[in-house]
$ cat target08.txt   # compact mmCIF, C-alpha atoms
# COMPACT_ATOMS: atom_id res chain seq x y z
CA MET W 1 -46.66 -97.23 -53.15
CA LYS W 2 -44.29 -100.03 -54.12
CA LYS W 3 -40.88 -98.69 -55.05
CA ARG W 4 -38.52 -100.41 -57.43
CA LEU W 5 -35.13 -101.79 -56.41
CA GLY W 6 -32.08 -101.91 -58.66
CA GLU W 7 -31.47 -105.07 -60.69
CA VAL W 8 -28.79 -106.58 -58.44
CA ASP W 9 -30.60 -105.73 -55.20
CA ASP W 10 -33.86 -107.08 -56.63
CA VAL W 11 -32.35 -110.48 -57.45
CA PHE W 12 -30.74 -110.91 -54.03
CA TYR W 13 -33.87 -109.65 -52.27
CA LYS W 14 -35.97 -112.28 -54.06
CA LEU W 15 -33.40 -114.96 -53.18
CA CYS W 16 -33.58 -113.97 -49.50
CA ILE W 17 -37.39 -114.11 -49.58
CA ALA W 18 -37.22 -117.57 -51.23
CA ALA W 19 -34.78 -118.74 -48.53
CA LEU W 20 -37.09 -117.44 -45.79
CA ALA W 21 -40.00 -119.27 -47.43
CA ALA W 22 -37.97 -122.51 -47.53
CA ILE W 23 -37.06 -122.13 -43.83
CA ALA W 24 -40.72 -121.49 -42.98
CA ALA W 25 -41.71 -124.62 -44.94
CA ALA W 26 -39.09 -126.70 -43.09
CA VAL W 27 -40.32 -125.39 -39.73
CA LEU W 28 -43.92 -126.17 -40.70
CA LEU W 29 -42.92 -129.68 -41.75
CA TYR W 30 -41.22 -130.23 -38.39
CA LEU W 31 -44.18 -128.90 -36.41
CA CYS W 32 -46.73 -130.98 -38.36
CA THR W 33 -44.85 -134.26 -38.79
CA GLY W 34 -41.92 -134.09 -36.37
CA PHE W 35 -39.52 -134.70 -39.27
CA SER W 36 -36.44 -132.49 -39.26
CA ILE W 37 -34.51 -131.88 -42.47
CA LEU W 38 -31.35 -131.45 -40.41
CA SER W 39 -31.63 -135.05 -39.21
CA ILE W 40 -30.71 -136.30 -42.71
CA LYS W 41 -27.00 -137.18 -42.78
CA TYR W 42 -25.00 -135.37 -45.42
CA PRO W 43 -21.68 -137.21 -45.78
CA CYS W 44 -19.21 -135.00 -47.59
CA PHE W 45 -18.04 -136.65 -50.80
CA PHE W 46 -14.80 -134.63 -50.92
CA TYR W 47 -13.94 -135.50 -47.28
CA TYR W 48 -14.60 -139.22 -47.80
CA ALA W 49 -12.62 -139.26 -51.04
CA THR W 50 -9.58 -137.27 -49.90
CA GLY W 51 -9.76 -137.11 -46.09
CA LEU W 52 -9.50 -133.32 -46.34
CA TYR W 53 -12.10 -130.68 -45.44
CA CYS W 54 -13.95 -128.96 -48.27
CA PRO W 55 -14.91 -125.25 -48.25
CA GLY W 56 -18.44 -126.17 -47.14
CA CYS W 57 -17.57 -128.62 -44.37
CA GLY W 58 -19.14 -127.74 -41.04
CA GLY W 59 -22.07 -125.79 -42.48
CA VAL W 60 -24.82 -128.16 -41.36
CA ARG W 61 -23.21 -128.59 -37.90
CA SER W 62 -23.02 -124.81 -37.65
CA VAL W 63 -26.74 -124.44 -38.39
CA LYS W 64 -27.59 -127.16 -35.85
CA ALA W 65 -25.48 -125.39 -33.20
CA LEU W 66 -27.20 -122.10 -34.01
CA LEU W 67 -30.63 -123.70 -33.58
CA ARG W 68 -29.48 -125.03 -30.18
CA GLY W 69 -28.53 -121.47 -29.26
CA ASP W 70 -24.80 -122.18 -29.16
CA LEU W 71 -23.47 -119.16 -31.09
CA TRP W 72 -19.81 -119.81 -30.25
CA GLN W 73 -19.92 -123.42 -31.48
CA SER W 74 -21.79 -122.28 -34.58
CA PHE W 75 -19.02 -119.76 -35.28
CA ILE W 76 -16.24 -122.32 -34.66
CA ASP W 77 -17.84 -124.93 -36.91
CA TYR W 78 -18.44 -122.61 -39.85
CA PRO W 79 -17.97 -118.82 -39.47
CA PRO W 80 -19.70 -117.81 -42.75
CA THR W 81 -23.05 -119.09 -41.40
CA LEU W 82 -23.41 -116.32 -38.83
CA TYR W 83 -21.87 -113.73 -41.16
CA PHE W 84 -24.30 -114.39 -44.02
CA ILE W 85 -27.31 -114.59 -41.68
CA VAL W 86 -26.49 -111.13 -40.27
CA VAL W 87 -25.65 -109.55 -43.65
CA PHE W 88 -28.63 -110.92 -45.54
CA GLY W 89 -30.94 -110.36 -42.59
CA ILE W 90 -30.12 -106.64 -42.51
CA PHE W 91 -30.21 -106.46 -46.32
CA THR W 92 -33.66 -108.11 -46.52
CA VAL W 93 -35.15 -105.82 -43.88
CA LYS W 94 -33.70 -102.71 -45.58
CA CYS W 95 -35.00 -103.77 -49.01
CA PHE W 96 -38.41 -104.59 -47.57
CA LEU W 97 -38.66 -101.18 -45.92
CA ARG W 98 -37.40 -99.44 -49.04
CA ARG W 99 -39.95 -101.22 -51.22
CA HIS W 100 -42.98 -101.12 -48.99
CA GLY W 101 -42.24 -98.67 -46.22
CA LYS W 102 -42.74 -94.97 -45.87
CA TRP W 103 -39.17 -94.32 -44.76
CA GLU W 104 -36.86 -92.76 -47.29
CA PHE W 105 -33.35 -94.13 -47.19
CA LYS W 106 -30.37 -92.24 -48.57
CA ALA W 107 -30.17 -93.07 -52.26
CA LYS W 108 -27.83 -96.06 -52.56
CA LYS W 109 -26.09 -97.29 -55.66
CA ASP W 110 -27.49 -100.57 -56.96
CA GLY W 111 -25.47 -103.54 -55.71
CA ALA W 112 -24.38 -102.00 -52.39
CA VAL W 113 -24.58 -105.52 -50.90
CA LEU W 114 -21.93 -106.89 -53.30
CA PRO W 115 -18.81 -105.95 -51.24
CA TYR W 116 -20.30 -107.86 -48.30
CA ILE W 117 -20.85 -110.91 -50.52
CA TYR W 118 -17.27 -110.72 -51.78
CA ALA W 119 -16.08 -110.49 -48.15
CA GLY W 120 -18.19 -113.56 -47.35
CA ILE W 121 -16.56 -115.51 -50.20
CA GLY W 122 -13.17 -114.45 -48.83
CA LEU W 123 -14.24 -115.66 -45.38
CA ILE W 124 -15.25 -119.06 -46.81
CA ILE W 125 -11.85 -119.50 -48.44
CA VAL W 126 -9.83 -118.19 -45.45
CA GLN W 127 -11.61 -120.44 -42.93
CA TRP W 128 -11.13 -123.42 -45.29
CA ILE W 129 -7.38 -122.75 -45.49
CA ILE W 130 -7.15 -122.43 -41.68
CA LYS W 131 -8.96 -125.76 -41.24
CA LEU W 132 -6.69 -127.47 -43.78
CA VAL W 133 -3.53 -126.09 -42.12
CA ALA W 134 -4.78 -127.24 -38.70
CA GLN W 135 -5.66 -130.68 -40.12
CA ILE W 136 -2.53 -131.31 -42.23
CA GLY W 137 0.02 -129.35 -40.22
CA PHE W 138 -1.05 -130.10 -36.68
CA GLY W 139 -3.35 -133.14 -37.04
CA TYR W 140 -6.22 -131.22 -35.44
CA THR W 141 -9.72 -132.56 -36.12
CA TRP W 142 -11.68 -129.36 -36.50
CA ILE W 143 -15.12 -130.83 -37.10
CA ARG W 144 -16.14 -133.52 -34.65
CA MET V 1 -63.93 -77.97 -64.49
CA SER V 2 -62.40 -81.11 -65.94
CA PHE V 3 -59.82 -83.16 -64.17
CA CYS V 4 -57.98 -86.23 -65.32
CA ARG V 5 -54.80 -87.99 -64.32
CA ILE V 6 -52.64 -89.68 -66.90
CA HIS V 7 -49.88 -92.08 -65.92
CA ARG V 8 -47.15 -92.46 -68.52
CA VAL V 9 -44.24 -94.91 -68.47
CA TYR V 10 -41.32 -94.23 -70.75
CA SER V 11 -38.86 -96.90 -71.76
CA ASN V 12 -36.15 -96.94 -74.39
CA GLY V 13 -35.78 -100.71 -74.23
CA ILE V 14 -32.34 -100.91 -72.58
CA GLY V 15 -33.41 -100.38 -69.03
CA ASN V 16 -34.09 -96.64 -68.94
CA MET V 17 -37.36 -96.04 -67.18
CA ALA V 18 -39.17 -92.93 -66.07
CA GLU V 19 -42.67 -92.47 -64.85
CA GLU V 20 -44.79 -89.37 -64.85
CA ASN V 21 -48.18 -88.48 -63.55
CA ILE V 22 -49.73 -85.83 -65.72
CA ILE V 23 -52.58 -84.02 -64.04
CA MET V 24 -54.79 -82.09 -66.40
CA ASP V 25 -57.01 -79.47 -64.88
CA ASN V 26 -59.01 -77.28 -67.20
CA GLY V 27 -56.70 -78.21 -70.01
CA TYR V 28 -53.50 -77.20 -68.18
CA GLU V 29 -50.90 -79.95 -67.72
CA ASP V 30 -49.02 -80.29 -64.50
CA ILE V 31 -46.41 -83.01 -64.51
CA GLU V 32 -45.86 -84.65 -61.16
CA LYS V 33 -42.82 -86.86 -60.84
CA VAL V 34 -43.68 -90.17 -59.22
CA GLU V 35 -41.57 -90.85 -56.16
CA GLY V 36 -39.41 -93.89 -55.97
CA THR V 37 -38.72 -94.56 -59.61
CA VAL V 38 -35.29 -95.90 -60.30
CA ASP V 39 -33.47 -94.22 -63.10
CA VAL V 40 -31.11 -96.77 -64.51
CA GLU V 41 -29.77 -94.67 -67.34
CA GLY V 42 -26.70 -96.08 -68.94
CA LYS V 43 -26.63 -99.29 -66.89
CA SER V 44 -26.41 -102.53 -68.83
CA LYS V 45 -28.33 -105.67 -67.83
CA GLN V 46 -26.33 -107.83 -65.41
CA THR V 47 -28.43 -110.99 -65.36
CA LEU V 48 -25.71 -113.40 -66.51
CA ALA V 49 -23.13 -111.88 -64.16
CA ILE V 50 -25.47 -112.20 -61.16
CA LEU V 51 -26.22 -115.82 -62.04
CA ALA V 52 -22.51 -116.57 -62.46
CA LEU V 53 -21.78 -115.18 -58.97
CA ILE V 54 -24.60 -117.08 -57.25
CA ILE V 55 -23.86 -120.40 -58.96
CA GLY V 56 -20.12 -119.89 -58.34
CA ILE V 57 -20.75 -119.57 -54.59
CA LEU V 58 -22.90 -122.73 -54.69
CA ALA V 59 -20.13 -124.59 -56.55
CA LEU V 60 -17.69 -123.60 -53.79
CA VAL V 61 -19.78 -124.83 -50.85
CA CYS V 62 -21.47 -127.86 -52.46
CA CYS V 63 -18.39 -130.09 -52.35
CA CYS V 64 -20.50 -132.56 -50.38
CA PHE V 65 -22.37 -133.71 -53.46
CA LYS V 66 -20.46 -135.67 -56.06
CA TYR V 67 -21.58 -134.27 -59.43
CA VAL V 68 -23.53 -131.22 -58.28
CA GLN V 69 -20.33 -129.30 -57.61
CA LEU V 70 -18.98 -130.02 -61.11
CA ILE V 71 -22.26 -129.00 -62.74
CA PHE V 72 -22.44 -125.76 -60.75
CA GLY V 73 -18.78 -125.04 -61.42
CA ILE V 74 -19.09 -125.49 -65.19
CA ALA V 75 -22.30 -123.44 -65.24
CA ALA V 76 -20.67 -120.58 -63.29
CA VAL V 77 -17.64 -120.47 -65.59
CA VAL V 78 -19.77 -120.57 -68.76
CA LEU V 79 -22.19 -117.88 -67.51
CA GLY V 80 -19.30 -115.66 -66.40
CA ILE V 81 -17.60 -115.91 -69.79
CA LEU V 82 -20.89 -115.26 -71.62
CA SER V 83 -21.53 -112.24 -69.39
CA ILE V 84 -18.16 -110.70 -70.24
CA LYS V 85 -18.57 -111.51 -73.94
CA ASN V 86 -22.04 -109.92 -73.98
CA GLY V 87 -20.51 -106.70 -72.74
CA GLU V 88 -22.12 -106.58 -69.28
CA THR V 89 -19.56 -104.03 -68.14
CA ASP V 90 -21.37 -103.15 -64.91
CA GLY V 91 -21.29 -106.76 -63.75
CA LYS V 92 -17.70 -107.55 -64.75
CA ALA V 93 -16.49 -107.97 -61.15
CA MET V 94 -19.38 -110.36 -60.40
CA ALA V 95 -18.63 -112.37 -63.55
CA ILE V 96 -14.92 -112.68 -62.74
CA ILE V 97 -15.56 -113.78 -59.16
CA GLY V 98 -18.19 -116.23 -60.40
CA ILE V 99 -15.63 -117.70 -62.84
CA VAL V 100 -12.98 -117.99 -60.09
CA CYS V 101 -15.37 -119.70 -57.65
CA GLY V 102 -16.72 -121.99 -60.37
CA GLY V 103 -13.18 -122.89 -61.43
CA LEU V 104 -12.24 -123.70 -57.85
CA GLY V 105 -15.35 -125.87 -57.54
CA ILE V 106 -14.43 -127.77 -60.73
CA LEU V 107 -10.86 -128.25 -59.47
CA LEU V 108 -12.01 -129.63 -56.11
CA GLY V 109 -14.61 -131.88 -57.76
CA VAL V 110 -12.10 -133.36 -60.21
CA LEU V 111 -9.48 -133.74 -57.45
CA GLY V 112 -11.97 -135.58 -55.25
CA MET V 113 -12.95 -137.93 -58.06
CA ILE V 114 -9.35 -138.68 -59.08
CA ILE V 115 -8.15 -139.31 -55.52
CA GLY V 116 -11.29 -141.28 -54.68
CA ALA V 117 -10.92 -143.47 -57.79
CA ALA V 118 -7.21 -143.99 -57.07
CA LEU V 119 -7.94 -145.02 -53.47
CA VAL V 120 -10.67 -147.45 -54.58
CA ALA V 121 -8.34 -148.96 -57.18
CA ALA V 122 -5.51 -149.27 -54.63
CA PHE V 123 -7.86 -150.83 -52.10
CA LYS V 124 -9.16 -153.36 -54.64
CA GLY V 125 -5.61 -154.15 -55.77
CA ALA V 126 -4.48 -154.71 -52.18
CA SER V 127 -7.44 -156.98 -51.43
CA ASP V 128 -6.70 -159.04 -54.60
CA ILE V 129 -3.02 -159.42 -53.70
CA LEU V 130 -3.70 -160.39 -50.11
CA GLY V 131 -6.48 -162.80 -51.07
CA PHE V 132 -9.20 -161.11 -49.03
CA SER V 133 -12.47 -159.70 -50.28
CA SER V 134 -12.90 -155.92 -50.08
CA ASP V 135 -15.24 -156.24 -47.07
CA GLU V 136 -12.83 -158.48 -45.18
CA LEU V 137 -9.92 -156.15 -45.82
CA GLY V 138 -12.04 -153.22 -44.68
CA ASP V 139 -12.83 -155.00 -41.39
CA ILE V 140 -9.15 -155.81 -40.83
CA LEU V 141 -8.12 -152.19 -41.43
CA ASN V 142 -10.86 -150.92 -39.13
CA ASN V 143 -9.68 -153.19 -36.32
CA LEU V 144 -6.03 -152.07 -36.60
$ encode --input "target08.txt" --output "C-alpha cells"
Amino acid sequence: MKKRLGEVDDVFYKLCIAALAAIAAAVLLYLCTGFSILSIKYPCFFYYATGLYCPGCGGVRSVKALLRGDLWQSFIDYPPTLYFIVVFGIFTVKCFLRRHGKWEFKAKKDGAVLPYIYAGIGLIIVQWIIKLVAQIGFGYTWIR
Amino acid sequence: MSFCRIHRVYSNGIGNMAEENIIMDNGYEDIEKVEGTVDVEGKSKQTLAILALIIGILALVCCCFKYVQLIFGIAAVVLGILSIKNGETDGKAMAIIGIVCGGLGILLGVLGMIIGAALVAAFKGASDILGFSSDELGDILNNL
C-alpha cells in the first residue's frame, strides 16, 4: 500500500525523482547519439565580468571529474556536488522505501531533510569564500 | 452473513486527513485504522516557503547565466515574503533562507552587470583614445 509523505518531504522526493529522470535522459541521449550535455561550454558570466569566482563556479568540472571516477578532484573543484549527491541519494532511497516498501521506519517529523539542505547552503557559501580568499589574497587559480 | 468494507476519508480542508476502513459484519461496525496515513493536524501549508528555498538555492548557484540569476533571485525574495505574509509559520525558516539566498543572487547579478558594463565602457574609451578598434586593442592586450 502506498503511504503518504509529509508535504516538505514529498516536494523534495519528487524533485529528486525528476533529477534522476533528467540524468537518465541525458545518459540515453549520449548512448544513442554520442552527444554529451557536459561537452557544452558554460562560460560563467560573473567570472568574465568581474574576474572573481561565483558561488557556482566549478560545479560542471566537479561533475565531469566525478564521472571520470576522480572523487578527490571532484571534491576540490566543488565540494557541494558530492555532499548533495550523498544526502539526496540517501533521502530518495529512504522516501522510496517508506512510500512503497514494507519496512516501517521510525516516525520522522516532516522536513527532516531540511537541516542537511541548510548545511549544504552553508557549504556553498563557505567554499565560495575560501576560493575568493585564495584568489584575491594569494593569487591562487582554484579552477583550472 | 453480510460483509462489506467501507473506506472513508475525512478532511477539514486545511490539511487534516484521516482514513478509516469500516468493516461491517452482520451489522456490527469494526473500524480498522489504515496504516501509513499522515496526520498533519495543525500544520499549515508550506508551498510558497518550499518554492522560495528551492529558487533561492538556484539563484545562488546560477551566477553563470546573465539574467537567470536575477529572475530567480527576485522570485525567491517575492515568494519568501508572500509566504511569511500568508502566515506559513511552519515554513518560516525556509522562507527566510530563501529570501537571503535570493537577495545574495540579486546582489551578485547586479554587481556583475555593473562591473561588466564599467569594464566595457572603459575598454571602449581606451580604444577611442588610443585610436585602435576594440578588436585591435584586445589583440594588443592579449599579446602583452
$ atom_distance --input "target08.txt" --atom1 "CA of Cys54 in chain W" --atom2 "CA of Gln69 in chain V"
11.3 Å
$ residues_around --input "target08.txt" --residues "range 103-115 of chain V" --least-positions-apart "4" --cutoff "10 Å" --atoms "all atoms listed in the file" --output "short mmCIF file (atom, residue, chain, number, x, y, z; two decimals) with C-alpha atoms, keeping the file's coordinate frame"
data_model
loop_
_atom_site.label_atom_id
_atom_site.label_comp_id
_atom_site.auth_asym_id
_atom_site.auth_seq_id
_atom_site.Cartn_x
_atom_site.Cartn_y
_atom_site.Cartn_z
CA PHE W 45 -18.04 -136.65 -50.80
CA PHE W 46 -14.80 -134.63 -50.92
CA TYR W 47 -13.94 -135.50 -47.28
CA TYR W 48 -14.60 -139.22 -47.80
CA ALA W 49 -12.62 -139.26 -51.04
CA THR W 50 -9.58 -137.27 -49.90
CA GLY W 51 -9.76 -137.11 -46.09
CA LEU W 52 -9.50 -133.32 -46.34
CA CYS W 54 -13.95 -128.96 -48.27
CA PRO W 55 -14.91 -125.25 -48.25
CA GLY V 56 -20.12 -119.89 -58.34
CA ILE V 57 -20.75 -119.57 -54.59
CA LEU V 58 -22.90 -122.73 -54.69
CA ALA V 59 -20.13 -124.59 -56.55
CA LEU V 60 -17.69 -123.60 -53.79
CA VAL V 61 -19.78 -124.83 -50.85
CA CYS V 62 -21.47 -127.86 -52.46
CA CYS V 63 -18.39 -130.09 -52.35
CA CYS V 64 -20.50 -132.56 -50.38
CA PHE V 65 -22.37 -133.71 -53.46
CA LYS V 66 -20.46 -135.67 -56.06
CA TYR V 67 -21.58 -134.27 -59.43
CA VAL V 68 -23.53 -131.22 -58.28
CA GLN V 69 -20.33 -129.30 -57.61
CA LEU V 70 -18.98 -130.02 -61.11
CA ILE V 71 -22.26 -129.00 -62.74
CA PHE V 72 -22.44 -125.76 -60.75
CA GLY V 73 -18.78 -125.04 -61.42
CA ILE V 74 -19.09 -125.49 -65.19
CA ALA V 75 -22.30 -123.44 -65.24
CA ALA V 76 -20.67 -120.58 -63.29
CA VAL V 77 -17.64 -120.47 -65.59
CA ILE V 97 -15.56 -113.78 -59.16
CA GLY V 98 -18.19 -116.23 -60.40
CA ILE V 99 -15.63 -117.70 -62.84
CA LEU V 119 -7.94 -145.02 -53.47
CA VAL V 120 -10.67 -147.45 -54.58
CA ALA V 121 -8.34 -148.96 -57.18
#
$ residues_around --input "target08.txt" --residues "Gly91 in chain V" --least-positions-apart "6" --cutoff "8 Å" --atoms "all atoms listed in the file" --output "PyMOL selection string"
chain V and resi 46+49-50+83
$ atom_distance --input "target08.txt" --atom1 "CA of Cys57 in chain W" --atom2 "CA of Ile37 in chain W"
17.4 Å
$ residues_around --input "target08.txt" --residues "Thr92 in chain W" --least-positions-apart "5" --cutoff "8 Å" --atoms "all atoms listed in the file" --output "PyMOL selection string"
chain W and resi 13+16-17
$ closest_atom_pairs --input "target08.txt" --of "chain W" --to "chain V" --cutoff "9 Å" --atoms "only C-alpha atoms" --output "Markdown table"
| residue | atom | partner | partner_atom | distance |
| --- | --- | --- | --- | --- |
| W:Met1 | CA | V:Gly36 | CA | 8.5 |
| W:Lys2 | CA | V:Gly36 | CA | 8.1 |
| W:Lys3 | CA | V:Gly36 | CA | 5.1 |
| W:Arg4 | CA | V:Val38 | CA | 6.2 |
| W:Leu5 | CA | V:Val38 | CA | 7.1 |
| W:Gly6 | CA | V:Val38 | CA | 7.0 |
| W:Glu7 | CA | V:Gln46 | CA | 7.5 |
| W:Val8 | CA | V:Ile50 | CA | 7.1 |
| W:Val11 | CA | V:Ile50 | CA | 8.0 |
| W:Phe12 | CA | V:Ile50 | CA | 9.0 |
| W:Tyr42 | CA | V:Cys64 | CA | 7.3 |
| W:Pro43 | CA | V:Cys64 | CA | 6.6 |
| W:Cys44 | CA | V:Cys64 | CA | 3.9 |
| W:Phe45 | CA | V:Cys64 | CA | 4.8 |
| W:Phe46 | CA | V:Gly112 | CA | 5.3 |
| W:Tyr47 | CA | V:Cys64 | CA | 7.8 |
| W:Tyr48 | CA | V:Gly116 | CA | 7.9 |
| W:Ala49 | CA | V:Gly116 | CA | 4.4 |
| W:Thr50 | CA | V:Gly112 | CA | 6.1 |
| W:Cys54 | CA | V:Cys63 | CA | 6.1 |
| W:Pro55 | CA | V:Val61 | CA | 5.5 |
| W:Gly56 | CA | V:Val61 | CA | 4.2 |
| W:Cys57 | CA | V:Cys64 | CA | 7.8 |
| W:Gly59 | CA | V:Val61 | CA | 8.7 |
| W:Arg99 | CA | V:Gly36 | CA | 8.8 |
| W:Leu114 | CA | V:Met94 | CA | 8.3 |
| W:Tyr118 | CA | V:Ile97 | CA | 8.2 |
| W:Ile121 | CA | V:Ile57 | CA | 7.3 |
| W:Ile124 | CA | V:Val61 | CA | 8.4 |
| W:Ile125 | CA | V:Leu60 | CA | 8.9 |
$ atom_distance --input "target08.txt" --atom1 "CA of Leu15 in chain W" --atom2 "CA of Lys64 in chain W"
22.0 Å
$ decode --input "target08.txt" --residues "range 56-77 of chain W" --atoms "N, CA, C and O atoms" --output "short mmCIF file (atom, residue, chain, number, x, y, z; two decimals), in the first residue's frame"
data_model
loop_
_atom_site.label_atom_id
_atom_site.label_comp_id
_atom_site.auth_asym_id
_atom_site.auth_seq_id
_atom_site.Cartn_x
_atom_site.Cartn_y
_atom_site.Cartn_z
N GLY W 56 28.74 29.25 -7.78
CA GLY W 56 28.51 28.02 -8.52
C GLY W 56 29.69 27.57 -9.36
O GLY W 56 29.63 26.52 -10.01
N CYS W 57 30.77 28.36 -9.35
CA CYS W 57 31.92 28.04 -10.20
C CYS W 57 32.56 26.73 -9.79
O CYS W 57 32.83 26.51 -8.61
N GLY W 58 32.82 25.88 -10.79
CA GLY W 58 33.46 24.60 -10.52
C GLY W 58 32.48 23.44 -10.51
O GLY W 58 32.90 22.28 -10.46
N GLY W 59 31.19 23.73 -10.56
CA GLY W 59 30.18 22.69 -10.48
C GLY W 59 30.24 21.70 -11.63
O GLY W 59 30.24 20.48 -11.44
N VAL W 60 30.31 22.23 -12.85
CA VAL W 60 30.34 21.35 -14.03
C VAL W 60 31.64 20.54 -14.05
O VAL W 60 31.62 19.34 -14.34
N ARG W 61 32.77 21.21 -13.72
CA ARG W 61 34.06 20.48 -13.66
C ARG W 61 33.99 19.37 -12.62
O ARG W 61 34.54 18.30 -12.81
N SER W 62 33.33 19.67 -11.51
CA SER W 62 33.20 18.68 -10.44
C SER W 62 32.43 17.44 -10.92
O SER W 62 32.82 16.30 -10.65
N VAL W 63 31.34 17.69 -11.66
CA VAL W 63 30.53 16.57 -12.17
C VAL W 63 31.35 15.76 -13.19
O VAL W 63 31.33 14.52 -13.18
N LYS W 64 32.11 16.47 -14.04
CA LYS W 64 32.94 15.76 -15.04
C LYS W 64 33.98 14.90 -14.34
O LYS W 64 34.22 13.76 -14.74
N ALA W 65 34.61 15.44 -13.27
CA ALA W 65 35.61 14.67 -12.53
C ALA W 65 34.98 13.44 -11.87
O ALA W 65 35.56 12.37 -11.84
N LEU W 66 33.76 13.63 -11.36
CA LEU W 66 33.05 12.51 -10.72
C LEU W 66 32.75 11.41 -11.72
O LEU W 66 32.90 10.23 -11.43
N LEU W 67 32.37 11.81 -12.95
CA LEU W 67 32.07 10.81 -13.98
C LEU W 67 33.33 10.08 -14.42
O LEU W 67 33.27 8.93 -14.86
N ARG W 68 34.51 10.77 -14.29
CA ARG W 68 35.78 10.11 -14.61
C ARG W 68 36.23 9.19 -13.49
O ARG W 68 37.18 8.44 -13.63
N GLY W 69 35.56 9.30 -12.34
CA GLY W 69 35.92 8.48 -11.19
C GLY W 69 36.89 9.15 -10.25
O GLY W 69 37.36 8.54 -9.29
N ASP W 70 37.21 10.43 -10.52
CA ASP W 70 38.19 11.15 -9.70
C ASP W 70 37.44 11.88 -8.58
O ASP W 70 37.08 13.04 -8.71
N LEU W 71 37.22 11.18 -7.45
CA LEU W 71 36.43 11.75 -6.35
C LEU W 71 37.14 12.94 -5.71
O LEU W 71 36.51 13.93 -5.36
N TRP W 72 38.48 12.82 -5.57
CA TRP W 72 39.23 13.89 -4.89
C TRP W 72 39.15 15.19 -5.70
O TRP W 72 38.89 16.25 -5.14
N GLN W 73 39.37 15.08 -7.03
CA GLN W 73 39.30 16.26 -7.88
C GLN W 73 37.89 16.84 -7.88
O GLN W 73 37.70 18.05 -7.90
N SER W 74 36.89 15.97 -7.86
CA SER W 74 35.51 16.41 -7.81
C SER W 74 35.26 17.21 -6.53
O SER W 74 34.60 18.26 -6.56
N PHE W 75 35.81 16.73 -5.42
CA PHE W 75 35.64 17.43 -4.15
C PHE W 75 36.37 18.77 -4.17
O PHE W 75 35.85 19.79 -3.70
N ILE W 76 37.58 18.80 -4.71
CA ILE W 76 38.38 20.03 -4.75
C ILE W 76 37.71 21.09 -5.63
O ILE W 76 37.66 22.26 -5.30
N ASP W 77 37.18 20.65 -6.78
CA ASP W 77 36.56 21.60 -7.69
C ASP W 77 35.30 22.22 -7.10
O ASP W 77 35.08 23.43 -7.24
#
